[in-house]
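Working notes, beginning with the structure itself.
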Amino acid sequence: MHSEEIEIRTGGSEVVRDLRDECARFLASAGAGDGLLNLWVPHATAGLAIIETGAGSDDDLLTALKDLLPGDDRWRHRHGSPGHGRDHVMPALVPPYATIPVLSGRMALGTWQSVCLVDTNIDNPVRKVRLSYLPG
């Protein structure tokens with residue numbers, strides 16, 4: 001197995017950040033053929049989604065998360081910015097892991113699919129993502 005942790009700067013706003021380029025670079029450095037790519041976010045307030053980007057779906061996801069998990073004072077978890085408790089619930093809906101088939105060194109994603117980091121926590125502008133390649 002080949003594994004590497006990368007750092008992603010998300011800034012101070014909610015974001016859906018496409019990781020395809022980082023994944024492709026990692027698979028090339030691993031000399032990947034056929035196998036599985038696993039991504040893991042070791043944070044309590046971020047997740048990974050397979051979603052279309054660039055056509056509004058990424059913004060729609062953030063809007064849906066705001067509707068489902070409002071940033072108000074209802075949350076028992078209260079440290080951080082107002083409504084931060086929602087960020088700790090979000091990974092139950094957008095999990096902190098994803099596994100993608102790799103064929104001939106490339107992710108076997110559909111035409112419009114991207115693997116994305118989803119980060120609603122504006123208090124933490126830097127995230128880590130662990131990429132692990134398991135050869136078939």
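Ordered as shown in the structure tokens, chains take letters A, B, and onward, while each chain numbers its residues from 1 and ligands are numbered from 1 in the order shown.
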(request) Write down as an NGL selection string the residues belonging to chain A that are assigned strand (DSSP E or B) by DSSP computed on the backbone. (result) :A and (2-9 or 15-18 or 35-40 or 46-51 or 97-103 or 106-107 or 114-119 or 126-135)
From a DSSP pass on the backbone, collect the residues of range 14-114 of chain A flagged as helix (DSSP H, G or I) and hand them back as a PyMOL selection string. chain A and resi 20-29+57-68+85-92
Hey, can you check how far CA of Thr63 in chain A sits from CA of Ala46 in chain A?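 Answer for the CA of Thr63 in chain A to CA of Ala46 in chain A separation: 15.7 Å.
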Pick out the residues sitting within 9 Å of range 32-35 of chain A, and hand them over as a PDB file with C-alpha atoms, in the first residue's frame; count only C-alpha atoms, and ignore anything fewer than 5 positions along from it in its own chain.
ATOM      1  CA  PHE A  26      -0.751  10.860  -5.964  1.00  0.00           C
ATOM      2  CA  LEU A  27      -1.707   7.890  -8.168  1.00  0.00           C
ATOM      3  CA  ILE A 100     -12.740   4.917  -5.622  1.00  0.00           C
ATOM      4  CA  PRO A 101     -11.795   2.140  -8.069  1.00  0.00           C
ATOM      5  CA  VAL A 102      -8.566   2.777  -9.986  1.00  0.00           C
ATOM      6  CA  LEU A 103      -8.146   1.302 -13.455  1.00  0.00           C
ATOM      7  CA  SER A 104      -4.858   1.619 -15.343  1.00  0.00           C
ATOM      8  CA  GLY A 105      -3.706   4.276 -12.877  1.00  0.00           C
ATOM      9  CA  ARG A 106      -6.768   6.515 -13.197  1.00  0.00           C
ATOM     10  CA  TYR A 133      -3.579   3.356  -2.829  1.00  0.00           C
ATOM     11  CA  LEU A 134      -4.143  -0.379  -2.487  1.00  0.00           C
ATOM     12  CA  PRO A 135      -3.007  -2.294  -5.581  1.00  0.00           C
ATOM     13  CA  GLY A 136      -5.363  -4.950  -6.959  1.00  0.00           C
TER      14      GLY A 136
END
Next item on the list: Considering only C-alpha atoms, return as a list in words whatever protein or nucleic-acid residues lie within 7 Å of range 89-99 of chain A, sequence-local ones (same chain, fewer than 3 positions apart) excluded.
Entry: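 Residues meeting the cut-off are Leu36, Leu37, Asn38, Leu39, Trp40, Val41, Thr45, Ala46, Gly47, Leu48, Ala49, Gly85 and Arg86 of chain A.
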Practice task
Would you mind listing what lies within 8 Å of Asp123 in chain A as a VMD selection string, with only C-alpha atoms counted and same-chain residues fewer than 3 positions away left out?
Solution key: chain A and resid 12 80 to 81
File of the preceding selection, all heavy atoms, as a PDB file, in the first residue's frame:
ATOM      1  N   GLY A  12     -11.326  30.808   4.861  1.00  0.00           N
ATOM      2  CA  GLY A  12     -12.269  31.132   5.926  1.00  0.00           C
ATOM      3  C   GLY A  12     -13.722  31.089   5.502  1.00  0.00           C
ATOM      4  O   GLY A  12     -14.561  31.740   6.116  1.00  0.00           O
ATOM      5  N   GLY A  80     -16.175  27.611  19.434  1.00  0.00           N
ATOM      6  CA  GLY A  80     -15.946  28.102  18.078  1.00  0.00           C
ATOM      7  C   GLY A  80     -16.945  29.160  17.677  1.00  0.00           C
ATOM      8  O   GLY A  80     -17.614  29.765  18.510  1.00  0.00           O
ATOM      9  N   SER A  81     -17.079  29.386  16.378  1.00  0.00           N
ATOM     10  CA  SER A  81     -18.001  30.399  15.859  1.00  0.00           C
ATOM     11  C   SER A  81     -19.446  30.027  16.205  1.00  0.00           C
ATOM     12  O   SER A  81     -19.740  28.860  16.433  1.00  0.00           O
ATOM     13  CB  SER A  81     -17.933  30.503  14.345  1.00  0.00           C
ATOM     14  OG  SER A  81     -16.696  30.291  13.830  1.00  0.00           O
TER      15      SER A  81
END
Here is a test: counting only C-alpha atoms, which residue of A:Val16, A:Val129, A:Asp72, A:Ala108 is nearest to Gly56 in chain A?
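So, comparing all the options, the nearest one is A:Val16.
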